[in-house]
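The next block is protein.tsv, given as TSV, C-alpha atoms and all ligand atoms.
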```tsv
chain	number	residue	atom	x	y	z
F	1	MET	CA	14.35	36.25	22.02
F	2	LYS	CA	11.03	37.80	22.96
F	3	TYR	CA	9.58	39.44	19.86
F	4	ALA	CA	8.71	38.15	16.39
F	5	ASP	CA	11.19	40.55	14.71
F	6	GLU	CA	14.05	38.85	16.49
F	7	PHE	CA	13.14	35.55	14.83
F	8	ARG	CA	13.37	37.26	11.42
F	9	ASP	CA	16.78	38.87	11.82
F	10	LYS	CA	18.48	38.90	8.42
F	11	THR	CA	22.04	38.83	9.78
F	12	ILE	CA	21.38	35.72	11.87
F	13	ALA	CA	19.50	34.11	8.95
F	14	ARG	CA	22.47	34.69	6.65
F	15	GLY	CA	24.78	33.23	9.31
F	16	LEU	CA	22.61	30.10	9.51
F	17	ALA	CA	22.54	29.87	5.71
F	18	ARG	CA	26.35	30.02	5.66
F	19	ALA	CA	26.51	27.28	8.32
F	20	ILE	CA	24.15	25.07	6.28
F	21	GLY	CA	26.24	25.71	3.16
F	22	ALA	CA	29.44	24.87	5.02
F	23	GLU	CA	28.14	21.68	6.64
F	24	ALA	CA	26.13	20.26	3.71
F	25	GLU	CA	28.57	17.93	1.97
F	26	SER	CA	28.84	18.85	-1.70
F	27	GLN	CA	28.62	15.25	-2.95
F	28	SER	CA	25.42	14.56	-0.97
F	29	GLU	CA	21.79	15.46	-1.57
F	30	TYR	CA	19.58	16.55	1.33
F	31	ARG	CA	15.84	16.25	0.69
F	32	PHE	CA	13.76	17.43	3.62
F	33	MET	CA	9.98	17.38	3.72
F	34	GLU	CA	8.18	20.08	5.68
F	35	PHE	CA	5.00	18.28	6.68
F	36	CYS	CA	3.08	21.34	7.79
F	37	GLY	CA	1.31	23.81	5.48
F	38	GLY	CA	2.33	26.64	7.81
F	39	HIS	CA	5.98	25.81	7.10
F	40	THR	CA	5.27	25.64	3.35
F	41	HIS	CA	3.73	29.09	3.55
F	42	ALA	CA	6.70	30.48	5.53
F	43	ILE	CA	9.26	28.96	3.15
F	44	SER	CA	7.59	30.74	0.22
F	45	ARG	CA	6.90	33.94	2.11
F	46	TYR	CA	10.45	34.44	3.39
F	47	GLY	CA	12.19	32.99	0.32
F	48	LEU	CA	14.05	30.45	2.43
F	49	GLU	CA	14.73	28.14	-0.51
F	50	ASP	CA	16.85	30.89	-2.07
F	51	MET	CA	19.08	30.85	1.01
F	52	LEU	CA	19.80	27.13	0.84
F	53	PRO	CA	22.56	25.49	-1.22
F	54	ALA	CA	21.38	23.69	-4.37
F	55	ASN	CA	21.85	20.26	-2.80
F	56	VAL	CA	19.54	21.06	0.16
F	57	ARG	CA	15.99	20.86	-1.15
F	58	MET	CA	12.68	21.33	0.62
F	59	ILE	CA	9.77	19.10	-0.41
F	60	HIS	CA	6.26	20.28	0.37
F	61	GLY	CA	4.23	17.76	2.36
F	62	PRO	CA	0.51	17.22	2.94
F	63	GLY	CA	0.11	19.25	6.12
F	64	CYS	CA	-2.88	21.40	5.23
F	65	PRO	CA	-6.15	19.91	6.51
F	66	VAL	CA	-8.22	21.62	3.82
F	67	CYS	CA	-5.95	20.32	1.05
F	68	VAL	CA	-5.94	16.71	2.23
F	69	LEU	CA	-9.71	16.42	2.60
F	70	PRO	CA	-10.89	14.25	-0.31
F	71	ALA	CA	-13.61	15.41	-2.71
F	72	SER	CA	-15.89	12.66	-1.36
F	73	ARG	CA	-16.08	14.36	2.08
F	74	ILE	CA	-16.89	17.70	0.40
F	75	ASP	CA	-19.65	15.91	-1.54
F	76	MET	CA	-21.01	14.52	1.72
F	77	ALA	CA	-21.04	18.00	3.28
F	78	ILE	CA	-22.83	19.47	0.25
F	79	ARG	CA	-25.49	16.73	0.33
F	80	LEU	CA	-25.96	17.35	4.04
F	81	ALA	CA	-26.26	21.13	3.63
F	82	GLU	CA	-28.85	20.67	0.88
F	83	ARG	CA	-31.23	18.99	3.33
F	84	PRO	CA	-33.94	21.55	4.13
F	85	GLU	CA	-33.78	21.01	7.89
F	86	VAL	CA	-29.99	21.48	8.16
F	87	THR	CA	-27.81	24.51	8.91
F	88	LEU	CA	-24.15	23.72	8.21
F	89	CYS	CA	-21.45	25.71	10.05
F	90	VAL	CA	-18.16	25.84	8.14
F	91	TYR	CA	-14.76	27.54	8.39
F	92	GLY	CA	-14.28	29.97	5.51
F	93	ASP	CA	-11.38	28.24	3.75
F	94	LEU	CA	-13.52	25.14	3.17
F	95	MET	CA	-16.19	27.04	1.29
F	96	ARG	CA	-14.43	27.08	-2.09
F	97	VAL	CA	-12.93	23.57	-2.16
F	98	PRO	CA	-14.39	21.80	-5.20
F	99	GLY	CA	-16.23	18.51	-4.73
F	100	SER	CA	-16.25	15.77	-7.35
F	101	GLN	CA	-18.60	17.59	-9.74
F	102	GLY	CA	-16.79	20.92	-9.41
F	103	LYS	CA	-19.51	22.11	-7.02
F	104	SER	CA	-18.40	23.67	-3.72
F	105	LEU	CA	-20.14	24.65	-0.50
F	106	LEU	CA	-20.11	28.22	-1.79
F	107	THR	CA	-22.09	27.28	-4.89
F	108	ALA	CA	-24.45	25.17	-2.76
F	109	LYS	CA	-25.02	28.24	-0.59
F	110	ALA	CA	-25.69	30.34	-3.69
F	111	PHE	CA	-28.37	27.80	-4.64
F	112	GLY	CA	-30.09	28.19	-1.27
F	113	ALA	CA	-28.39	25.78	1.16
F	114	ASP	CA	-28.23	27.18	4.70
F	115	ILE	CA	-24.45	27.32	5.16
F	116	ARG	CA	-22.93	29.70	7.70
F	117	MET	CA	-19.29	30.71	7.85
F	118	VAL	CA	-17.92	30.55	11.40
F	119	TYR	CA	-14.68	31.66	13.01
F	120	SER	CA	-14.75	29.36	16.03
F	121	THR	CA	-16.52	26.39	17.54
F	122	LEU	CA	-18.31	28.80	19.89
F	123	ASP	CA	-19.95	30.50	16.88
F	124	ALA	CA	-21.50	27.15	15.95
F	125	ILE	CA	-22.76	26.64	19.50
F	126	ARG	CA	-24.32	30.11	19.44
F	127	ILE	CA	-26.08	29.37	16.13
F	128	ALA	CA	-27.44	26.11	17.57
F	129	GLU	CA	-28.75	27.93	20.66
F	130	GLN	CA	-30.44	30.58	18.53
F	131	ALA	CA	-32.07	28.05	16.18
F	132	PRO	CA	-33.38	25.19	18.37
F	133	ASN	CA	-35.74	24.01	15.61
F	134	ARG	CA	-32.94	23.56	13.05
F	135	GLU	CA	-30.46	20.69	12.78
F	136	VAL	CA	-27.19	22.59	13.23
F	137	VAL	CA	-24.10	20.68	12.09
F	138	PHE	CA	-20.49	21.79	12.60
F	139	PHE	CA	-18.07	20.74	9.82
F	140	ALA	CA	-15.08	19.78	12.01
F	141	ILE	CA	-11.73	19.57	10.26
F	142	GLY	CA	-8.07	19.73	11.15
F	143	PHE	CA	-5.06	18.00	12.60
F	144	GLU	CA	-4.36	17.44	16.28
F	145	THR	CA	-4.29	21.21	16.88
F	146	THR	CA	-7.97	21.81	16.20
F	147	THR	CA	-9.32	18.58	17.66
F	148	PRO	CA	-9.30	19.71	21.33
F	149	PRO	CA	-11.60	22.72	20.61
F	150	THR	CA	-14.05	20.35	18.89
F	151	ALA	CA	-13.95	18.06	21.93
F	152	VAL	CA	-14.65	20.99	24.24
F	153	MET	CA	-17.50	22.09	21.94
F	154	ILE	CA	-19.16	18.66	22.16
F	155	ARG	CA	-18.87	18.71	25.94
F	156	LEU	CA	-20.44	22.18	25.98
F	157	ALA	CA	-23.27	21.08	23.67
F	158	GLU	CA	-23.96	18.18	26.03
F	159	LYS	CA	-23.96	20.48	29.05
F	160	LYS	CA	-26.35	22.88	27.32
F	161	TRP	CA	-28.66	20.06	26.20
F	162	LEU	CA	-28.41	21.05	22.55
F	163	LYS	CA	-30.42	18.18	21.11
F	164	SER	CA	-30.33	19.25	17.47
F	165	PHE	CA	-26.58	19.94	17.33
F	166	SER	CA	-24.06	17.55	15.75
F	167	VAL	CA	-20.57	17.37	14.28
F	168	PHE	CA	-19.41	16.12	10.87
F	169	CYS	CA	-16.02	14.89	12.05
F	170	ASN	CA	-13.02	15.08	9.69
F	171	HIS	CA	-10.18	15.29	12.19
F	172	VAL	CA	-7.00	13.53	11.07
F	173	LEU	CA	-3.71	12.48	12.63
F	174	THR	CA	-0.24	13.59	11.61
F	175	PRO	CA	2.04	10.63	12.50
F	176	SER	CA	-0.17	8.21	10.52
F	177	ALA	CA	0.12	10.42	7.43
F	178	MET	CA	3.91	10.66	7.78
F	179	HIS	CA	4.01	6.89	7.98
F	180	SER	CA	1.91	6.66	4.81
F	181	ILE	CA	4.23	9.01	2.91
F	182	LEU	CA	7.12	6.68	3.63
F	183	GLU	CA	5.27	3.43	3.16
F	184	SER	CA	1.84	2.83	1.63
F	185	PRO	CA	0.31	0.60	-1.04
F	186	ASP	CA	-0.47	3.68	-3.17
F	187	ILE	CA	3.26	4.29	-3.71
F	188	ARG	CA	3.04	1.94	-6.70
F	189	ASN	CA	0.48	4.21	-8.40
F	190	ILE	CA	1.62	7.68	-7.50
F	191	GLY	CA	5.36	7.21	-7.00
F	192	ARG	CA	7.68	7.46	-4.04
F	193	VAL	CA	9.32	10.64	-2.92
F	194	GLU	CA	12.83	10.30	-1.54
F	195	VAL	CA	12.91	12.00	1.84
F	196	ASP	CA	16.05	12.26	3.98
F	197	GLY	CA	14.34	13.88	6.94
F	198	PHE	CA	11.28	15.77	8.15
F	199	LEU	CA	10.74	19.26	9.45
F	200	GLY	CA	8.10	18.32	12.04
F	201	PRO	CA	4.97	20.41	12.59
F	202	ALA	CA	4.91	23.07	15.29
F	203	HIS	CA	1.32	23.53	16.50
F	204	VAL	CA	0.44	19.86	16.18
F	205	SER	CA	3.51	18.96	18.25
F	206	ALA	CA	2.54	21.47	20.95
F	207	ILE	CA	-0.49	19.20	21.52
F	208	ILE	CA	0.91	15.69	20.96
F	209	GLY	CA	4.52	16.33	22.00
F	210	THR	CA	7.60	14.91	20.29
F	211	GLU	CA	7.23	11.36	21.62
F	212	PRO	CA	4.81	10.04	18.93
F	213	TYR	CA	7.43	10.69	16.22
F	214	GLU	CA	10.11	8.58	17.88
F	215	VAL	CA	8.87	5.28	16.50
F	216	LEU	CA	8.74	6.77	12.97
F	217	ALA	CA	12.30	8.07	13.16
F	218	GLN	CA	13.53	4.67	14.33
F	219	GLN	CA	11.40	2.53	12.00
F	220	PHE	CA	12.30	4.42	8.83
F	221	GLY	CA	15.71	5.73	9.81
F	222	LYS	CA	14.71	9.35	9.10
F	223	PRO	CA	15.64	12.30	11.31
F	224	ILE	CA	12.76	14.54	12.42
F	225	VAL	CA	13.27	18.05	13.79
F	226	ILE	CA	10.23	19.86	15.19
F	227	ALA	CA	10.46	23.48	14.04
F	228	GLY	CA	8.71	26.77	14.77
F	229	PHE	CA	7.22	28.91	12.00
F	230	GLU	CA	9.62	31.84	12.01
F	231	PRO	CA	12.41	31.96	9.42
F	232	LEU	CA	15.20	31.55	11.97
F	233	ASP	CA	13.38	28.58	13.52
F	234	MET	CA	13.24	26.87	10.18
F	235	MET	CA	16.81	27.65	9.14
F	236	GLN	CA	18.08	26.35	12.47
F	237	ALA	CA	15.95	23.20	12.12
F	238	ILE	CA	17.32	22.60	8.61
F	239	LEU	CA	20.86	22.92	9.99
F	240	MET	CA	19.97	20.37	12.69
F	241	LEU	CA	18.66	18.00	9.99
F	242	VAL	CA	21.82	18.40	7.90
F	243	ARG	CA	23.94	17.57	10.96
F	244	GLN	CA	21.88	14.45	11.73
F	245	VAL	CA	22.22	13.22	8.14
F	246	ASN	CA	25.97	13.88	8.17
F	247	GLU	CA	26.37	12.00	11.44
F	248	GLY	CA	24.13	9.10	10.34
F	249	ARG	CA	21.67	9.77	13.15
F	250	HIS	CA	17.89	9.52	12.93
F	251	GLU	CA	16.48	11.06	16.06
F	252	VAL	CA	13.62	13.31	16.99
F	253	GLU	CA	15.00	16.73	17.94
F	254	ASN	CA	13.05	19.71	19.16
F	255	GLN	CA	14.05	23.12	17.81
F	256	TYR	CA	10.72	24.62	18.97
F	257	SER	CA	11.36	23.99	22.65
F	258	ARG	CA	9.71	27.29	23.64
F	259	ALA	CA	6.32	25.70	22.85
F	260	VAL	CA	6.79	21.93	22.49
F	261	THR	CA	7.67	19.32	25.09
F	262	ARG	CA	8.21	15.57	24.76
F	263	LYS	CA	4.83	14.72	26.28
F	264	GLY	CA	2.77	17.60	24.84
F	265	ASN	CA	-0.39	19.05	26.32
F	266	ARG	CA	-1.82	16.29	28.55
F	267	ARG	CA	-5.03	18.15	29.31
F	268	ALA	CA	-5.85	18.56	25.60
F	269	GLN	CA	-4.94	14.92	24.93
F	270	GLU	CA	-7.32	13.76	27.68
F	271	GLU	CA	-10.18	15.88	26.31
F	272	VAL	CA	-9.67	14.34	22.88
F	273	SER	CA	-9.38	10.75	24.06
F	274	ASP	CA	-12.54	11.13	26.21
F	275	ILE	CA	-14.65	11.98	23.17
F	276	PHE	CA	-12.96	10.56	20.07
F	277	GLU	CA	-11.68	7.19	18.94
F	278	LEU	CA	-9.71	6.01	15.92
F	279	ARG	CA	-11.40	5.16	12.64
F	280	ASP	CA	-10.11	1.97	11.03
F	281	GLN	CA	-9.09	4.07	8.03
F	282	PHE	CA	-9.68	7.52	6.55
F	283	GLU	CA	-9.25	8.73	3.00
F	284	TRP	CA	-6.72	11.51	2.40
F	285	ARG	CA	-6.45	13.41	-0.85
F	286	GLY	CA	-3.12	12.37	-2.30
F	287	LEU	CA	-2.48	9.57	0.19
F	288	GLY	CA	-5.52	7.34	-0.36
F	289	LEU	CA	-6.91	5.27	2.51
F	290	VAL	CA	-4.60	5.64	5.49
F	291	PRO	CA	-5.14	3.17	8.37
F	292	HIS	CA	-5.91	4.66	11.79
F	293	SER	CA	-5.43	8.21	10.56
F	294	GLY	CA	-8.82	9.75	11.34
F	295	LEU	CA	-11.03	10.22	14.38
F	296	LYS	CA	-14.72	9.64	14.99
F	297	LEU	CA	-16.95	10.26	17.97
F	298	LYS	CA	-17.15	7.52	20.59
F	299	GLN	CA	-20.43	5.61	20.93
F	300	ALA	CA	-21.20	7.52	24.13
F	301	TYR	CA	-21.41	10.71	22.03
F	302	ALA	CA	-23.24	9.15	19.06
F	303	GLN	CA	-26.07	11.68	19.42
F	304	PHE	CA	-23.61	14.37	18.30
F	305	ASP	CA	-22.28	12.38	15.35
F	306	ALA	CA	-23.77	13.83	12.14
F	307	GLU	CA	-22.67	10.78	10.10
F	308	MET	CA	-24.86	8.54	12.26
F	309	ARG	CA	-27.65	11.03	12.76
F	310	PHE	CA	-28.15	11.59	9.03
F	311	ALA	CA	-27.01	8.15	7.81
F	312	MET	CA	-24.28	9.79	5.75
F	313	HIS	CA	-22.34	7.52	3.41
F	314	GLU	CA	-19.01	8.15	1.78
F	315	VAL	CA	-18.60	7.25	-1.88
F	316	ARG	CA	-14.98	7.41	-3.06
F	317	VAL	CA	-14.67	9.58	-6.15
F	318	ALA	CA	-11.81	10.31	-8.51
F	319	ASP	CA	-10.11	13.71	-8.44
F	320	ASN	CA	-10.05	15.93	-11.51
F	321	PRO	CA	-7.47	14.04	-13.65
F	322	ALA	CA	-5.76	17.27	-14.75
F	323	CYS	CA	-5.18	18.40	-11.14
F	324	GLU	CA	-1.88	17.30	-9.62
F	325	CYS	CA	-2.89	17.96	-5.99
F	326	GLY	CA	-2.50	14.27	-5.13
F	327	ALA	CA	1.11	14.14	-6.31
F	328	ILE	CA	1.89	17.54	-4.77
F	329	LEU	CA	0.51	16.49	-1.39
F	330	ARG	CA	2.77	13.45	-1.51
F	331	GLY	CA	5.78	15.61	-2.38
F	332	VAL	CA	6.23	13.82	-5.73
F	333	LYS	CA	5.52	16.95	-7.80
F	334	ARG	CA	5.71	20.73	-7.35
F	335	PRO	CA	2.99	23.29	-8.14
F	336	VAL	CA	4.71	24.36	-11.37
F	337	ASP	CA	4.56	20.75	-12.59
F	338	CYS	CA	0.77	21.11	-12.92
F	339	GLU	CA	-0.35	22.35	-16.32
F	340	LEU	CA	-3.32	24.15	-14.78
F	341	PHE	CA	-1.17	26.22	-12.38
F	342	GLY	CA	-1.75	29.92	-12.96
F	343	THR	CA	-3.83	29.35	-16.08
F	344	VAL	CA	-7.07	27.50	-15.37
F	345	CYS	CA	-6.33	27.30	-11.65
F	346	THR	CA	-5.75	30.44	-9.56
F	347	PRO	CA	-6.75	31.38	-5.99
F	348	GLU	CA	-9.79	33.23	-7.40
F	349	ILE	CA	-11.00	30.21	-9.38
F	350	PRO	CA	-9.31	27.15	-7.84
F	351	THR	CA	-9.50	23.78	-9.56
F	352	GLY	CA	-7.90	21.82	-6.73
F	353	SER	CA	-7.68	22.07	-2.96
F	354	CYS	CA	-3.97	23.04	-2.91
F	355	MET	CA	-4.91	26.39	-4.44
F	356	VAL	CA	-7.75	27.12	-2.02
F	357	SER	CA	-6.22	27.31	1.43
F	358	SER	CA	-3.42	29.84	1.97
F	359	GLU	CA	-1.38	26.98	3.46
F	360	GLY	CA	-1.69	24.92	0.29
F	361	ALA	CA	1.50	24.49	-1.74
F	362	CYS	CA	-0.06	25.90	-4.93
F	363	ALA	CA	-1.52	28.96	-3.19
F	364	ALA	CA	1.79	29.63	-1.38
F	365	HIS	CA	3.71	29.35	-4.64
F	366	TRP	CA	1.16	31.51	-6.47
F	367	THR	CA	1.42	34.25	-3.82
F	368	TYR	CA	5.18	34.32	-3.30
F	369	GLY	CA	7.03	31.96	-5.62
F	370	ARG	CA	5.82	32.60	-9.15
F	371	PHE	CA	7.66	35.93	-9.33
F	372	ARG	CA	10.90	34.14	-8.48
F	373	ASP	CA	10.26	31.65	-11.31
F	374	TYR	CA	9.74	34.56	-13.67
F	375	GLN	CA	13.03	36.16	-12.61
F	376	LEU	CA	14.84	32.85	-13.04
F	377	ARG	CA	13.42	32.40	-16.54
F	378	ARG	CA	14.53	35.90	-17.48
F	379	ALA	CA	18.06	35.44	-16.11
A	401	LIG	S1	-2.44	24.21	-9.70
A	401	LIG	FE1	-4.57	23.82	-9.18
A	401	LIG	S2	-5.13	22.05	-10.37
A	401	LIG	FE2	-2.90	22.13	-10.34
A	401	LIG	S3	-2.30	20.88	-8.60
A	401	LIG	FE3	-2.46	22.96	-7.86
A	401	LIG	S4	-4.54	23.10	-7.08
A	401	LIG	FE4	-4.49	21.25	-8.37
```
Translate the structure described by the file into structure tokens.
Ligand code: SF4
Amino acid sequence: MKYADEFRDKTIARGLARAIGAEAESQSEYRFMEFCGGHTHAISRYGLEDMLPANVRMIHGPGCPVCVLPASRIDMAIRLAERPEVTLCVYGDLMRVPGSQGKSLLTAKAFGADIRMVYSTLDAIRIAEQAPNREVVFFAIGFETTTPPTAVMIRLAEKKWLKSFSVFCNHVLTPSAMHSILESPDIRNIGRVEVDGFLGPAHVSAIIGTEPYEVLAQQFGKPIVIAGFEPLDMMQAILMLVRQVNEGRHEVENQYSRAVTRKGNRRAQEEVSDIFELRDQFEWRGLGLVPHSGLKLKQAYAQFDAEMRFAMHEVRVADNPACECGAILRGVKRPVDCELFGTVCTPEIPTGSCMVSSEGACAAHWTYGRFRDYQLRRA
């Protein structure tokens, strides 16, 4: 198949749905977590859940970098941006995420902080070149997919001798978070979600390959199928998961072989490992402190590390107690389980991070799923 339309063919999708229905054993339950926010968005957008039998259920995972960033890191960014000498460069979807006091970068900007929305790392470099007398800081965020561009940006800043440029690094790692979902001390507080298998992320896996998931699949006895973002990709991957469960296998399989290999993108991996190293732990919204799940700049690049340059300190803060983002990001609850969903909290005025980014479970359900709920209630 060459074109996107071909991956959305209704006839083939119905055929795959019939195959899933035929192979899913009626006395069994199949609970599959899609880790990636892009998959969550696609499931809602294409109504894939409606095509699955009742005993095959998708559980939304934490795979949206904006959603999993804790309020404490937003607070740190706001405090940084409020310094008179600083210009903070930020991707647009971070602007409206509430910090611990309900304040966001957007409100900080309205009160005079110099915060610029950027579309790429190169935009931030350009701003730094044009304002050599300002401290220009790039708010770096994302999973393994967006880390290589940040690494390249730091190399470029070094080459260009940008002495007042730095990075507030919030890059996080997928396999560590998957491990935490299955086993972490916070399970006692927030509850465990029963997962029978994972739909593995697509873009992340294009960088890291399928190999890093192998130890997870073996250790926890859970099948993992890396899937593309198109509806047929995901239906086929779900069928592959059902087959693994039926056969008692727990392997890493690759449905998205047109973009993902076992070893991934070596060049990108080398760029990242040249510049970044593991943090001992990093806080995730919904998952708590996850060991070895975040990256920081290596000592050799300390001059570009905003946390060192501005002596930034993280203070852990509690989330809004009425917001269920934590439980949703763990897969323990669904957006409709939150009392604020669609009343106090909407994409226009979000209370929690899951409603801000389009990849967040609450935003995806608000955009595509709430009409289905309404129809079901009427039926
Ligand atoms: S609806 Fe809003 S407040 Fe509730 S969990 Fe989702 S983002 Fe948080």
Around ligand LIG 401 (chain A), out to 12 Å and counting only C-alpha atoms and all ligand atoms, which residues are there? I want them as a PyMOL selection string. chain F and resi 66-68+96-98+102+285-286+319-366+370
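Within 9 Å of Ser293 in chain F, once all atoms listed in the file are used and residues closer than 5 positions along the same chain are dropped, the contacting residues are F:His171, F:Val172, F:Leu173, F:Thr174, F:Pro175, F:Ser176, F:Ala177, F:Leu278, F:Arg279, F:Asp280, F:Gln281, F:Phe282, F:Glu283, F:Trp284.
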With distances taken over only C-alpha atoms, which residue among F:Met33, F:Leu289, F:Val195, F:Ile78 lies nearest Phe168 in chain F? F:Ile78
Considering all atoms listed in the file, return as a PDB file with C-alpha atoms, in the frame of the given file whatever protein or nucleic-acid residues lie within 9 Å of Met234 in chain F, sequence-local ones (same chain, fewer than 3 positions apart) excluded.
```pdb
ATOM      1  CA  HIS F  39       5.980  25.810   7.100  1.00  0.00           C
ATOM      2  CA  ALA F  42       6.700  30.480   5.530  1.00  0.00           C
ATOM      3  CA  ILE F  43       9.260  28.960   3.150  1.00  0.00           C
ATOM      4  CA  LEU F  48      14.050  30.450   2.430  1.00  0.00           C
ATOM      5  CA  LEU F 199      10.740  19.260   9.450  1.00  0.00           C
ATOM      6  CA  ALA F 227      10.460  23.480  14.040  1.00  0.00           C
ATOM      7  CA  GLY F 228       8.710  26.770  14.770  1.00  0.00           C
ATOM      8  CA  PHE F 229       7.220  28.910  12.000  1.00  0.00           C
ATOM      9  CA  GLU F 230       9.620  31.840  12.010  1.00  0.00           C
ATOM     10  CA  PRO F 231      12.410  31.960   9.420  1.00  0.00           C
ATOM     11  CA  ALA F 237      15.950  23.200  12.120  1.00  0.00           C
ATOM     12  CA  ILE F 238      17.320  22.600   8.610  1.00  0.00           C
ATOM     13  CA  LEU F 239      20.860  22.920   9.990  1.00  0.00           C
ATOM     14  CA  GLN F 255      14.050  23.120  17.810  1.00  0.00           C
TER      15      GLN F 255
END
```
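Reported to one decimal place, the separation of CA of Ile275 in chain F from CA of Leu122 in chain F is 17.5 Å.
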For a test of reading the model, state the distance in Å between CA of Phe304 in chain F and CA of Leu287 in chain F, rounded to one decimal.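 Taking CA of Phe304 in chain F and CA of Leu287 in chain F, their separation equals 28.2 Å.
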Grab the CA of Ser164 in chain F to CA of Gly294 in chain F distance for me, in Å with one decimal place.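 Separation of CA of Ser164 in chain F and CA of Gly294 in chain F: 24.3 Å.
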For Glu25 in chain F, work out the shell of residues within 10 Å, counting only C-alpha atoms and skipping chain neighbours fewer than 5 positions away, then give it as an mmCIF file with C-alpha atoms, in the coordinates of the input.
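Output contents, as saved in around11.cif:
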```
data_model
loop_
_atom_site.group_PDB
_atom_site.id
_atom_site.type_symbol
_atom_site.label_atom_id
_atom_site.label_comp_id
_atom_site.auth_asym_id
_atom_site.auth_seq_id
_atom_site.Cartn_x
_atom_site.Cartn_y
_atom_site.Cartn_z
ATOM 1 C CA ILE F 20 24.150 25.070 6.280
ATOM 2 C CA TYR F 30 19.580 16.550 1.330
ATOM 3 C CA ASN F 55 21.850 20.260 -2.800
ATOM 4 C CA VAL F 56 19.540 21.060 0.160
ATOM 5 C CA VAL F 242 21.820 18.400 7.900
ATOM 6 C CA ASN F 246 25.970 13.880 8.170
#
```
Can you pull out the residues contacting Thr107 in chain F? Cut-off 12 Å, using only C-alpha atoms, and skip same-chain residues under 2 positions away; I want them as a PyMOL selection string. chain F and resi 78+81-82+94-99+101-105+109-115
Pull C-alpha atoms from the residues just selected and write them as a PDB file, in the coordinates of the input.
```pdb
ATOM      1  CA  ILE F  78     -22.830  19.470   0.250  1.00  0.00           C
ATOM      2  CA  ALA F  81     -26.260  21.130   3.630  1.00  0.00           C
ATOM      3  CA  GLU F  82     -28.850  20.670   0.880  1.00  0.00           C
ATOM      4  CA  LEU F  94     -13.520  25.140   3.170  1.00  0.00           C
ATOM      5  CA  MET F  95     -16.190  27.040   1.290  1.00  0.00           C
ATOM      6  CA  ARG F  96     -14.430  27.080  -2.090  1.00  0.00           C
ATOM      7  CA  VAL F  97     -12.930  23.570  -2.160  1.00  0.00           C
ATOM      8  CA  PRO F  98     -14.390  21.800  -5.200  1.00  0.00           C
ATOM      9  CA  GLY F  99     -16.230  18.510  -4.730  1.00  0.00           C
ATOM     10  CA  GLN F 101     -18.600  17.590  -9.740  1.00  0.00           C
ATOM     11  CA  GLY F 102     -16.790  20.920  -9.410  1.00  0.00           C
ATOM     12  CA  LYS F 103     -19.510  22.110  -7.020  1.00  0.00           C
ATOM     13  CA  SER F 104     -18.400  23.670  -3.720  1.00  0.00           C
ATOM     14  CA  LEU F 105     -20.140  24.650  -0.500  1.00  0.00           C
ATOM     15  CA  LYS F 109     -25.020  28.240  -0.590  1.00  0.00           C
ATOM     16  CA  ALA F 110     -25.690  30.340  -3.690  1.00  0.00           C
ATOM     17  CA  PHE F 111     -28.370  27.800  -4.640  1.00  0.00           C
ATOM     18  CA  GLY F 112     -30.090  28.190  -1.270  1.00  0.00           C
ATOM     19  CA  ALA F 113     -28.390  25.780   1.160  1.00  0.00           C
ATOM     20  CA  ASP F 114     -28.230  27.180   4.700  1.00  0.00           C
ATOM     21  CA  ILE F 115     -24.450  27.320   5.160  1.00  0.00           C
TER      22      ILE F 115
END
```
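Closest approach to Val167 in chain F among F:Thr11, F:Thr87, F:Gln130, F:Ser205: F:Thr87, based on all atoms listed in the file.
Across F:Asp93, F:Tyr301, F:Thr210, F:Val315, the tightest approach to Ile154 in chain F is made by F:Tyr301 when counting all atoms listed in the file.
Neighbouring residues of Asp274 in chain F at 12 Å or closer, counting only C-alpha atoms and skipping chain neighbours under 5 positions away, are Thr147, Pro148, Thr150, Ala151, Val152, Ile154, Arg155, Arg267, Ala268, Gln269, Leu295, Lys296, Leu297, Lys298, Gln299, Ala300 and Tyr301 of chain F.
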Using only C-alpha atoms, which residue out of F:Phe143, F:Trp161, F:Phe138, F:Phe32 lies closest to Pro223 in chain F? F:Phe32
Residue with smallest distance to Ala24 in chain F - pool F:Lys159, F:His313, F:Arg57, F:His292, counting only C-alpha atoms: F:Arg57
Can you find the residues with an atom no farther than 6 Å from (-16.4, 16.1, 10.4), counting only C-alpha atoms, and report them as an mmCIF file with C-alpha atoms, keeping the file's coordinate frame?
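Result written to out39.cif:
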```cif
data_model
loop_
_atom_site.group_PDB
_atom_site.id
_atom_site.type_symbol
_atom_site.label_atom_id
_atom_site.label_comp_id
_atom_site.auth_asym_id
_atom_site.auth_seq_id
_atom_site.Cartn_x
_atom_site.Cartn_y
_atom_site.Cartn_z
ATOM 1 C CA PHE F 139 -18.070 20.740 9.820
ATOM 2 C CA ALA F 140 -15.080 19.780 12.010
ATOM 3 C CA ILE F 141 -11.730 19.570 10.260
ATOM 4 C CA VAL F 167 -20.570 17.370 14.280
ATOM 5 C CA PHE F 168 -19.410 16.120 10.870
ATOM 6 C CA CYS F 169 -16.020 14.890 12.050
ATOM 7 C CA ASN F 170 -13.020 15.080 9.690
#
```
Rank nothing, just name the residue among F:Ser120, F:Thr367, F:Gln244, F:Thr146 nearest to Asp196 in chain F, using all atoms listed in the file. F:Gln244
